[in-house]
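Report on one structure; see the data block that follows.
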Amino acid sequence: MTLPAPVSRRSFVAASVGAALALGLSSQAQAQAQAQAHARGRAPFGRYGSPSARLNERTLYVHPGGLGDHTTVQAAVNAATGSGFTLVIAPGTYREPVSVSVARTEMTWIGASDEARDVVVVYDNAAGTPKPGGGTYGTTGSATTLVQGDGFTARDLTFANDWLRADHPGISGTQAVAIKVQGDRSAFLRCRFLGHQDTLYADSTALGTFARQYYRDCYVEGDVDFVFGRATAVYENCHFRTLIRDDLTGAPYGFVFAPSTAGANPHGYLVTGGRISSEAPDAYYKLARPWVPSSDTTARPMLTVRGTRLGAGIDAVAPYTNMSSGFPWQDQRFAEYRNTGPGAVVSVPENRPQLTSAEARSHTREAYLGDWTPWKGC
């Protein structure tokens, strides 16, 4: 088959934002363009007010050209001391690492244009990237965005890590996280997560903390273990996209999910009503492999995929594989229910554990998230 030419992640991110930003105009020129748009009736913060017409005293406005309260996302986060702040972020590319501490709870980020492609938070550290003071960043340190505060919500934003293997052939630590989420009750609505290895790190702050996360109508792409971690996470109506790799000549190119659910946690990852597509040749990707980290050898990774279309990129014959021979996938908690598509065909039943209808009733968003109902009012 003829494969499409690979597109640089950096080029893709640039193409995702407004024309002024994609052309690399200065902040002053961007501000001028925004001011002109505002004069023509298109406010830089859309329907979400402005510094002169603030929604409330806990709403802060971010604009790369100076038309808001802050020009960077991190500056706005730093100013949001306490609980219940909302950041309205104007269209633009915000090239910066951002961290939301545990003290900053009930925070909301809103992409002002209501279109995730317009607002991009991106950086380019990898696990093996040297730190200025010595050593390397490691997987967690590579994250463009780190969210530790409980009650975080993001709407209509892109989180990206555009570090590329081809640009750094001497670095072996190629994990490059777009976002690491550790807080309980973290919700992402209509967001995009762009990267290659370890794109979306859905985790918790501690082994005994069962952080709940909800992703709805989101887009996630990558290649190796690009949705991973120990959180209790529900992915509803989400699109997962596996990427072409020009550094490998054969299968597998990678793995979509790598949960590391704590053994005591009755709920891991639930994928429902979504789809998985691929740029790669047919059957070049595994659906999942279990991650049992050295810090928790009692983990029992859990993944349920139900009502989801699995494209031809997923290896239907053997969709699961081991990360470590000492922790075979068959001993973990992997299951499927009523999936469709060429990647869901059950030709070797022992390789495709299926839920019964009775079992499926305990694998729902309500069962996983309990008294937290983030889908209401979406």
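Ordering of the structure tokens sets the chain letters (A, B, ...); residue numbers start at 1 within each chain; ligands are numbered from 1 in the order shown.
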At a cut-off of 12 Å, using only C-alpha atoms, what residues contact His70 (chain A)? Leave out same-chain residues fewer than 4 positions from it and give the result as a ChimeraX atom specification. /A:50-51,59-66,74-80,87-90,94
For the selection just defined, write its residues with all heavy atoms to a file, as a compact mmCIF listing (two decimals), in the first residue's frame.
# COMPACT_ATOMS: atom_id res chain seq x y z
N SER A 50 -13.88 40.08 28.80
CA SER A 50 -12.57 40.69 28.58
C SER A 50 -12.12 41.31 29.89
O SER A 50 -12.90 41.39 30.85
CB SER A 50 -12.67 41.77 27.50
OG SER A 50 -13.43 42.87 27.97
N PRO A 51 -10.86 41.77 29.97
CA PRO A 51 -10.44 42.42 31.21
C PRO A 51 -11.31 43.62 31.60
O PRO A 51 -11.42 43.93 32.78
CB PRO A 51 -9.00 42.84 30.90
CG PRO A 51 -8.53 41.84 29.90
CD PRO A 51 -9.73 41.57 29.04
N THR A 59 -11.99 35.46 37.10
CA THR A 59 -11.71 35.16 35.70
C THR A 59 -10.50 35.97 35.25
O THR A 59 -10.47 37.19 35.42
CB THR A 59 -12.91 35.51 34.80
OG1 THR A 59 -14.05 34.75 35.21
CG2 THR A 59 -12.60 35.17 33.34
N LEU A 60 -9.50 35.28 34.71
CA LEU A 60 -8.29 35.92 34.20
C LEU A 60 -8.18 35.66 32.71
O LEU A 60 -8.58 34.59 32.22
CB LEU A 60 -7.05 35.38 34.92
CG LEU A 60 -7.01 35.56 36.44
CD1 LEU A 60 -5.77 34.89 37.03
CD2 LEU A 60 -7.05 37.04 36.81
N TYR A 61 -7.64 36.63 31.98
CA TYR A 61 -7.57 36.55 30.53
C TYR A 61 -6.12 36.48 30.07
O TYR A 61 -5.27 37.25 30.53
CB TYR A 61 -8.28 37.75 29.90
CG TYR A 61 -9.76 37.76 30.20
CD1 TYR A 61 -10.25 38.35 31.37
CD2 TYR A 61 -10.66 37.12 29.35
CE1 TYR A 61 -11.60 38.32 31.67
CE2 TYR A 61 -12.02 37.09 29.65
CZ TYR A 61 -12.48 37.69 30.81
OH TYR A 61 -13.82 37.65 31.11
N VAL A 62 -5.86 35.53 29.15
CA VAL A 62 -4.50 35.31 28.63
C VAL A 62 -4.50 35.63 27.14
O VAL A 62 -5.34 35.12 26.39
CB VAL A 62 -4.05 33.86 28.87
CG1 VAL A 62 -2.59 33.67 28.44
CG2 VAL A 62 -4.24 33.45 30.33
N HIS A 63 -3.56 36.46 26.72
CA HIS A 63 -3.47 36.84 25.32
C HIS A 63 -1.99 37.02 24.97
O HIS A 63 -1.28 37.74 25.67
CB HIS A 63 -4.23 38.14 25.07
CG HIS A 63 -4.30 38.53 23.63
ND1 HIS A 63 -3.25 39.14 22.97
CD2 HIS A 63 -5.30 38.38 22.72
CE1 HIS A 63 -3.60 39.35 21.72
NE2 HIS A 63 -4.82 38.90 21.53
N PRO A 64 -1.50 36.39 23.89
CA PRO A 64 -0.06 36.44 23.60
C PRO A 64 0.44 37.82 23.23
O PRO A 64 1.64 38.09 23.33
CB PRO A 64 0.10 35.45 22.44
CG PRO A 64 -1.24 35.41 21.78
CD PRO A 64 -2.24 35.59 22.90
N GLY A 65 -0.45 38.69 22.79
CA GLY A 65 -0.03 40.02 22.35
C GLY A 65 -0.30 41.12 23.35
O GLY A 65 -0.10 42.30 23.04
N GLY A 66 -0.76 40.78 24.56
CA GLY A 66 -0.91 41.79 25.59
C GLY A 66 -2.30 42.35 25.78
O GLY A 66 -2.48 43.32 26.51
N GLN A 74 1.32 30.25 32.21
CA GLN A 74 1.89 30.05 33.54
C GLN A 74 1.76 31.30 34.40
O GLN A 74 1.50 31.21 35.61
CB GLN A 74 3.35 29.63 33.45
CG GLN A 74 3.96 29.25 34.80
CD GLN A 74 3.30 28.01 35.42
OE1 GLN A 74 3.40 26.92 34.89
NE2 GLN A 74 2.63 28.19 36.55
N ALA A 75 1.92 32.47 33.81
CA ALA A 75 1.76 33.70 34.58
C ALA A 75 0.35 33.82 35.13
O ALA A 75 0.14 34.25 36.27
CB ALA A 75 2.10 34.91 33.71
N ALA A 76 -0.63 33.43 34.33
CA ALA A 76 -2.02 33.46 34.79
C ALA A 76 -2.25 32.44 35.90
O ALA A 76 -2.95 32.72 36.89
CB ALA A 76 -2.96 33.22 33.62
N VAL A 77 -1.68 31.26 35.76
CA VAL A 77 -1.80 30.23 36.80
C VAL A 77 -1.18 30.73 38.10
O VAL A 77 -1.76 30.58 39.19
CB VAL A 77 -1.14 28.91 36.35
CG1 VAL A 77 -1.06 27.92 37.51
CG2 VAL A 77 -1.91 28.30 35.19
N ASN A 78 -0.02 31.35 38.00
CA ASN A 78 0.64 31.86 39.20
C ASN A 78 -0.20 32.92 39.90
O ASN A 78 -0.20 33.02 41.14
CB ASN A 78 2.00 32.45 38.83
CG ASN A 78 3.00 31.40 38.38
OD1 ASN A 78 2.79 30.20 38.57
ND2 ASN A 78 4.06 31.84 37.75
N ALA A 79 -0.91 33.71 39.11
CA ALA A 79 -1.75 34.77 39.68
C ALA A 79 -3.02 34.23 40.30
O ALA A 79 -3.66 34.91 41.11
CB ALA A 79 -2.09 35.80 38.60
N ALA A 80 -3.41 33.02 39.92
CA ALA A 80 -4.66 32.42 40.40
C ALA A 80 -4.41 31.69 41.71
O ALA A 80 -4.44 30.46 41.77
CB ALA A 80 -5.23 31.48 39.34
N LEU A 87 -9.39 30.57 33.62
CA LEU A 87 -8.50 31.21 32.66
C LEU A 87 -9.14 31.14 31.28
O LEU A 87 -9.44 30.05 30.79
CB LEU A 87 -7.15 30.50 32.62
CG LEU A 87 -6.06 30.92 33.61
CD1 LEU A 87 -6.56 30.85 35.05
CD2 LEU A 87 -4.81 30.10 33.42
N VAL A 88 -9.40 32.30 30.68
CA VAL A 88 -9.89 32.37 29.31
C VAL A 88 -8.68 32.67 28.44
O VAL A 88 -8.02 33.70 28.60
CB VAL A 88 -10.96 33.45 29.14
CG1 VAL A 88 -11.44 33.51 27.69
CG2 VAL A 88 -12.15 33.18 30.07
N ILE A 89 -8.37 31.75 27.52
CA ILE A 89 -7.11 31.81 26.77
C ILE A 89 -7.41 32.12 25.31
O ILE A 89 -8.13 31.38 24.63
CB ILE A 89 -6.35 30.48 26.90
CG1 ILE A 89 -6.19 30.12 28.39
CG2 ILE A 89 -4.99 30.58 26.23
CD1 ILE A 89 -5.57 28.76 28.64
N ALA A 90 -6.88 33.23 24.84
CA ALA A 90 -7.11 33.68 23.46
C ALA A 90 -6.37 32.79 22.47
O ALA A 90 -5.39 32.12 22.82
CB ALA A 90 -6.66 35.12 23.30
N TYR A 94 1.16 28.95 22.73
CA TYR A 94 1.83 29.28 23.98
C TYR A 94 2.94 28.27 24.20
O TYR A 94 2.71 27.16 24.67
CB TYR A 94 0.82 29.28 25.14
CG TYR A 94 -0.28 30.31 24.94
CD1 TYR A 94 -1.41 30.01 24.18
CD2 TYR A 94 -0.15 31.59 25.47
CE1 TYR A 94 -2.41 30.96 23.97
CE2 TYR A 94 -1.15 32.54 25.26
CZ TYR A 94 -2.26 32.22 24.52
OH TYR A 94 -3.24 33.17 24.29
Out of region 92-139 of chain A, which residues get strand (DSSP E) from DSSP, as a PyMOL selection string? chain A and resi 92-95+98-100+108-111+119-123
Export of prior selection with C-alpha atoms as a compact mmCIF listing (two decimals), in the first residue's frame:
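Contents of selection.txt, as written:
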# COMPACT_ATOMS: atom_id res chain seq x y z
CA GLY A 92 -2.36 31.52 19.88
CA THR A 93 0.55 29.19 20.41
CA TYR A 94 1.83 29.28 23.98
CA ARG A 95 5.29 27.72 23.88
CA VAL A 98 2.93 24.96 32.56
CA SER A 99 2.32 23.55 36.04
CA VAL A 100 -0.86 23.66 38.13
CA THR A 108 -10.98 25.92 34.59
CA TRP A 109 -9.17 26.69 31.33
CA ILE A 110 -11.28 27.77 28.36
CA GLY A 111 -10.14 28.16 24.76
CA VAL A 119 -5.30 27.53 21.31
CA VAL A 120 -2.15 25.43 21.65
CA VAL A 121 0.00 24.91 24.76
CA VAL A 122 3.20 23.24 23.55
CA TYR A 123 6.80 22.59 24.51
Where does region 217-319 of chain A meet region 149-164 of chain A within 12 Å, residue by residue, with the nearest atom pair and distance in Å to one decimal for each, counting only C-alpha atoms, listed by chain and rising number, as JSON lines?
{"residue": "A:Asp217", "atom": "CA", "partner": "A:Asp156", "partner_atom": "CA", "distance": 10.0}
{"residue": "A:Cys218", "atom": "CA", "partner": "A:Asp156", "partner_atom": "CA", "distance": 9.1}
{"residue": "A:Tyr219", "atom": "CA", "partner": "A:Thr158", "partner_atom": "CA", "distance": 9.2}
{"residue": "A:Val220", "atom": "CA", "partner": "A:Phe159", "partner_atom": "CA", "distance": 9.7}
{"residue": "A:Glu221", "atom": "CA", "partner": "A:Ala160", "partner_atom": "CA", "distance": 9.9}
{"residue": "A:Gly222", "atom": "CA", "partner": "A:Asn161", "partner_atom": "CA", "distance": 10.4}
{"residue": "A:Asp223", "atom": "CA", "partner": "A:Leu164", "partner_atom": "CA", "distance": 11.9}
{"residue": "A:Phe226", "atom": "CA", "partner": "A:Asn161", "partner_atom": "CA", "distance": 11.7}
{"residue": "A:Arg245", "atom": "CA", "partner": "A:Leu164", "partner_atom": "CA", "distance": 11.2}
{"residue": "A:Asp246", "atom": "CA", "partner": "A:Leu164", "partner_atom": "CA", "distance": 11.7}
{"residue": "A:Asp247", "atom": "CA", "partner": "A:Leu164", "partner_atom": "CA", "distance": 11.2}
Pro353 (chain A) environment, 8 Å, only C-alpha atoms, sequence neighbours closer than 4 positions dropped, as a list in words: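 Final neighbour list, sorted by chain and number: Phe334, Ala335, Glu336 and Pro349 of chain A.
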Please produce a file of those selected residues containing all heavy atoms, as a short mmCIF file (atom, residue, chain, number, x, y, z; two decimals), in the first residue's frame.
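Contents of the output file selection-v5.cif:
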data_model
loop_
_atom_site.label_atom_id
_atom_site.label_comp_id
_atom_site.auth_asym_id
_atom_site.auth_seq_id
_atom_site.Cartn_x
_atom_site.Cartn_y
_atom_site.Cartn_z
N PHE A 334 -7.84 -6.83 31.25
CA PHE A 334 -8.15 -6.32 29.92
C PHE A 334 -9.44 -6.97 29.43
O PHE A 334 -9.62 -8.19 29.57
CB PHE A 334 -7.02 -6.62 28.94
CG PHE A 334 -5.78 -5.78 29.13
CD1 PHE A 334 -4.65 -6.01 28.36
CD2 PHE A 334 -5.73 -4.76 30.07
CE1 PHE A 334 -3.51 -5.24 28.52
CE2 PHE A 334 -4.59 -3.98 30.24
CZ PHE A 334 -3.48 -4.22 29.46
N ALA A 335 -10.31 -6.17 28.83
CA ALA A 335 -11.57 -6.72 28.34
C ALA A 335 -12.16 -5.82 27.27
O ALA A 335 -11.85 -4.63 27.19
CB ALA A 335 -12.57 -6.88 29.48
N GLU A 336 -13.04 -6.43 26.44
CA GLU A 336 -13.72 -5.70 25.37
C GLU A 336 -15.20 -6.05 25.40
O GLU A 336 -15.61 -7.08 25.96
CB GLU A 336 -13.13 -6.07 24.01
CG GLU A 336 -11.63 -5.81 23.89
CD GLU A 336 -11.09 -6.32 22.56
OE1 GLU A 336 -11.67 -5.98 21.52
OE2 GLU A 336 -10.08 -7.06 22.58
N PRO A 349 -10.08 -16.30 19.85
CA PRO A 349 -10.84 -15.88 21.04
C PRO A 349 -10.00 -15.71 22.30
O PRO A 349 -10.26 -14.80 23.10
CB PRO A 349 -11.87 -17.01 21.20
CG PRO A 349 -12.06 -17.53 19.82
CD PRO A 349 -10.72 -17.44 19.17
#
What residues in region 125-277 of chain A get the DSSP label helix (DSSP H, G or I)? Please answer as a PyMOL selection string. chain A and resi 138-141+165-167
Give me a file of those residues, with all heavy atoms, as a CSV table (one decimal), in the first residue's frame.
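The resulting again22.csv:
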chain,number,residue,atom,x,y,z
A,138,GLY,N,13.5,13.3,32.7
A,138,GLY,CA,12.7,12.1,33.0
A,138,GLY,C,11.3,12.3,32.4
A,138,GLY,O,10.9,13.3,31.8
A,139,THR,N,10.5,11.2,32.5
A,139,THR,CA,9.2,11.2,31.8
A,139,THR,C,8.3,12.3,32.4
A,139,THR,O,7.7,13.1,31.6
A,139,THR,CB,8.5,9.8,32.0
A,139,THR,OG1,9.3,8.8,31.4
A,139,THR,CG2,7.2,9.8,31.3
A,140,THR,N,8.1,12.4,33.7
A,140,THR,CA,7.3,13.4,34.3
A,140,THR,C,7.8,14.8,34.0
A,140,THR,O,7.0,15.7,33.6
A,140,THR,CB,7.1,13.2,35.8
A,140,THR,OG1,6.4,12.0,36.1
A,140,THR,CG2,6.4,14.3,36.5
A,141,GLY,N,9.1,15.0,34.1
A,141,GLY,CA,9.6,16.3,33.8
A,141,GLY,C,9.5,16.8,32.4
A,141,GLY,O,9.6,17.9,32.1
A,165,ARG,N,11.9,12.5,17.6
A,165,ARG,CA,13.1,11.6,17.6
A,165,ARG,C,14.1,12.0,16.5
A,165,ARG,O,15.3,12.0,16.8
A,165,ARG,CB,12.6,10.2,17.4
A,165,ARG,CG,11.7,9.6,18.4
A,165,ARG,CD,11.4,8.2,18.1
A,165,ARG,NE,10.4,7.6,19.0
A,165,ARG,CZ,9.1,7.6,18.8
A,165,ARG,NH1,8.6,8.1,17.6
A,165,ARG,NH2,8.2,7.1,19.7
A,166,ALA,N,13.6,12.3,15.4
A,166,ALA,CA,14.5,12.6,14.2
A,166,ALA,C,15.4,13.8,14.5
A,166,ALA,O,16.5,13.9,14.0
A,166,ALA,CB,13.7,12.8,13.0
A,167,ASP,N,15.0,14.7,15.3
A,167,ASP,CA,15.8,15.9,15.6
A,167,ASP,C,16.8,15.6,16.7
A,167,ASP,O,17.8,16.5,16.9
A,167,ASP,CB,14.9,17.0,16.1
A,167,ASP,CG,14.0,17.6,15.1
A,167,ASP,OD1,14.2,17.3,13.9
A,167,ASP,OD2,13.0,18.3,15.4
From the list A:Ser325, A:Gln354, A:Thr340, A:Thr72, the nearest residue to Thr304 (chain A) using only C-alpha atoms is A:Gln354
Please compute the CA of Ser52 (chain A)-CA of Glu106 (chain A) distance, one decimal, in Å.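 Interatomic distance, CA of Ser52 (chain A) to CA of Glu106 (chain A): 23.8 Å.
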Mind giving me the straight-line distance from CA of Ala316 (chain A) to CA of Pro290 (chain A) in Å, one decimal? 17.4 Å
Tell me, in Å to one decimal, how far CA of Arg275 (chain A) is from CA of Tyr214 (chain A).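 Here the two named atoms are 16.4 Å from each other.
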For Ala288 (chain A), the nearest of the candidates A:Asp184, A:Asp225, A:Glu359, A:Glu236, counting only C-alpha atoms: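 Using only C-alpha atoms, the shortest distance to Ala288 (chain A) belongs to A:Asp225.
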Shell around Ala127 (chain A) at 9 Å using only C-alpha atoms, local window under 5 positions removed, as a VMD selection string: chain A and resid 136 to 143 171 to 177
Between A:Thr364, A:Thr232, A:Thr272, A:Ser278, smallest distance to Ile244 (chain A) by only C-alpha atoms belongs to A:Ser278
Excluding Gly268 (chain A) and its own-chain neighbours fewer than 4 positions away, which residues fall within 6 Å of it when counting only C-alpha atoms? Please give them as a ChimeraX atom specification. /A:232,261,302-303
Which residues are near Tyr201 (chain A)? Cut-off 7 Å, only C-alpha atoms, ignore same chain within fewer than 5 positions. Put them as a list in words.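 So, after excluding close chain neighbours, the residues are Val177, Ile179, Lys180, Val181, Val227, Phe228 and Gly229 of chain A.
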Any chance you could export the current selection's C-alpha atoms as a compact mmCIF listing (two decimals), in the first residue's frame?
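Output file again_39.txt is given in full below:
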# COMPACT_ATOMS: atom_id res chain seq x y z
CA VAL A 177 4.55 13.96 27.53
CA ILE A 179 0.13 16.55 29.61
CA LYS A 180 0.33 14.73 32.92
CA VAL A 181 -2.89 14.83 34.95
CA VAL A 227 -2.36 6.93 26.80
CA PHE A 228 -0.88 5.62 30.07
CA GLY A 229 -0.90 5.83 33.86
